[in-house]
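Student: Structure in structure tokens, see below.
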Amino acid sequence: MTDFIDDVQVEQLLDKLHKLKHELDDEVDSLKHTAEPVKLDQQAFGRVSRGEALQQQNMAKANLGQCQERIRQVEEALRKIDSEDYGYCDSCGDEISLARLHAKPESPLCIGCQEQQEQS
Ligand SMILES: [Zn+2]
């Protein structure tokens, strides 16, 4: 196993990843529902105008994309735990701090690389 993370930590992180995946799956389900094509039938929306409905739909689509990206990261993290290379930055190969892993167990990058990526 990744040598700087002990078995207890791995168990905790695995647990978090499974819970996170479950939450994200639920969220994707409900977002998919909101992101469905807007029907012209005004009654379907009640008092919500078509414009508002479209806006909600676009937001749901954006959130959906983010959720799906996070699910991909969670699955990747689970795969890495299996192959025992979890906890190392995808970009620079350094150890990702345990504090960061506990806060964001699906994170594929160390804090330094993450910040760099967000700036570029
Ligand atoms: Zn890094």
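We label chains A, B, ... in the order they appear in the structure tokens, count residues from 1 in each chain, and number ligands from 1 in the order shown.
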Write out, as a Markdown table, each residue of chain A that has an atom at most 7 Å from ligand 1, together with the closest pair of atoms and their distance in Å to one decimal, counting only C-alpha atoms and all ligand atoms, rows going by chain and rising number.
Tutor:
```
| residue | atom | partner | partner_atom_place_in_ligand_line | distance |
| --- | --- | --- | --- | --- |
| A:Cys89 | CA | ligand 1 | 1 (Zn) | 4.6 |
| A:Asp90 | CA | ligand 1 | 1 (Zn) | 6.6 |
| A:Ser91 | CA | ligand 1 | 1 (Zn) | 5.0 |
| A:Cys92 | CA | ligand 1 | 1 (Zn) | 4.1 |
| A:Gly93 | CA | ligand 1 | 1 (Zn) | 6.0 |
| A:Asp94 | CA | ligand 1 | 1 (Zn) | 5.7 |
| A:Leu109 | CA | ligand 1 | 1 (Zn) | 5.3 |
| A:Cys110 | CA | ligand 1 | 1 (Zn) | 4.2 |
| A:Ile111 | CA | ligand 1 | 1 (Zn) | 6.7 |
| A:Gly112 | CA | ligand 1 | 1 (Zn) | 5.7 |
| A:Cys113 | CA | ligand 1 | 1 (Zn) | 4.3 |
```
Student: Keeping N, CA and C atoms, export the residues of the selection given above as a short mmCIF file (atom, residue, chain, number, x, y, z; two decimals), in the first residue's frame.
Tutor:
```
data_model
loop_
_atom_site.label_atom_id
_atom_site.label_comp_id
_atom_site.auth_asym_id
_atom_site.auth_seq_id
_atom_site.Cartn_x
_atom_site.Cartn_y
_atom_site.Cartn_z
N CYS A 89 0.63 12.77 -6.46
CA CYS A 89 0.16 13.76 -7.43
C CYS A 89 0.34 13.25 -8.87
N ASP A 90 -0.72 13.37 -9.68
CA ASP A 90 -0.68 12.95 -11.08
C ASP A 90 0.32 13.77 -11.89
N SER A 91 0.55 15.00 -11.43
CA SER A 91 1.37 15.91 -12.22
C SER A 91 2.85 15.86 -11.83
N CYS A 92 3.15 16.03 -10.51
CA CYS A 92 4.56 16.10 -10.11
C CYS A 92 5.04 14.83 -9.40
N GLY A 93 4.10 13.94 -9.02
CA GLY A 93 4.49 12.68 -8.40
C GLY A 93 4.78 12.77 -6.92
N ASP A 94 4.65 13.96 -6.34
CA ASP A 94 4.86 14.13 -4.90
C ASP A 94 3.68 13.54 -4.11
N LEU A 109 -4.38 15.71 -7.72
CA LEU A 109 -3.22 16.62 -7.74
C LEU A 109 -2.89 17.12 -6.33
N CYS A 110 -1.62 17.41 -6.09
CA CYS A 110 -1.23 18.05 -4.84
C CYS A 110 -1.70 19.51 -4.89
N ILE A 111 -1.65 20.16 -3.74
CA ILE A 111 -2.20 21.52 -3.67
C ILE A 111 -1.47 22.48 -4.62
N GLY A 112 -0.16 22.33 -4.72
CA GLY A 112 0.64 23.20 -5.59
C GLY A 112 0.24 23.08 -7.05
N CYS A 113 0.11 21.84 -7.51
CA CYS A 113 -0.25 21.61 -8.91
C CYS A 113 -1.69 22.03 -9.18
#
```
Student: With a distance cut-off of 7 Å and only C-alpha atoms, select the neighbouring residues of range 56-61 of chain A, excluding the residue or stretch itself and same-chain residues fewer than 5 positions from it, and output the selection as a list in words.
Tutor: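 These residues fall inside the cut-off: Leu31, Thr34 and Ala35 of chain A.
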Student: Using only C-alpha atoms, which of A:Val8, A:Leu98, A:Leu14, A:Cys67 sits nearest Ile81 in chain A?
Tutor: A:Leu14
Student: Which parts of chain A does DSSP call alpha helix (DSSP H) when run on the backbone here, written out as a PyMOL selection string?
Tutor: chain A and resi 7-34+50-82+98-103+111-119
Student: As a list in words, please: the residues near Gly87 in chain A (cut-off 8 Å, only C-alpha atoms, same-chain neighbours under 6 positions excluded).
Tutor: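 After dropping sequence-adjacent residues, the list is Thr2, Ile5, Glu95, Ile96, Ser97, Leu101 and Pro108 of chain A.
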Student: Could you write out the selected residues, including N, CA and C atoms, as a compact mmCIF listing (two decimals), in the first residue's frame?
Tutor:
```
# COMPACT_ATOMS: atom_id res chain seq x y z
N THR A 2 0.34 2.29 -0.55
CA THR A 2 1.02 3.59 -0.55
C THR A 2 1.64 3.80 0.83
N ILE A 5 0.57 6.39 3.79
CA ILE A 5 -0.81 6.31 4.31
C ILE A 5 -0.97 4.94 4.96
N GLU A 95 3.94 13.30 -2.82
CA GLU A 95 2.84 12.85 -1.96
C GLU A 95 1.82 13.98 -1.80
N ILE A 96 0.55 13.63 -1.87
CA ILE A 96 -0.51 14.59 -1.58
C ILE A 96 -0.73 14.54 -0.07
N SER A 97 -0.82 15.68 0.59
CA SER A 97 -0.90 15.67 2.06
C SER A 97 -2.17 14.96 2.52
N LEU A 101 -6.11 14.96 1.33
CA LEU A 101 -6.83 13.75 0.92
C LEU A 101 -8.11 13.58 1.73
N PRO A 108 -6.69 14.30 -7.64
CA PRO A 108 -5.56 13.65 -8.29
C PRO A 108 -4.28 14.48 -8.25
```
Student: Quick one: residues within 12 Å of Glu23 in chain A, only C-alpha atoms counted, chain neighbours fewer than 4 positions away excluded, as a ChimeraX atom specification?
Tutor: /A:16-19,27-30,67-68,70-71,74
Student: Which residues come within 12 Å of Glu69 in chain A, counting only C-alpha atoms, excluding same-chain residues fewer than 4 positions away, as an MDAnalysis selection string?
Tutor: chainID A and resid 21 24:25 28 62:65 73:76 106:108
Student: Rank A:Leu78, A:Tyr88, A:His33, A:Arg50 by their smallest atom-to-atom distance to Asp3 in chain A, using only C-alpha atoms, and report the top residue only.
Tutor: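 For Asp3 in chain A, the nearest of the given residues is A:Tyr88.
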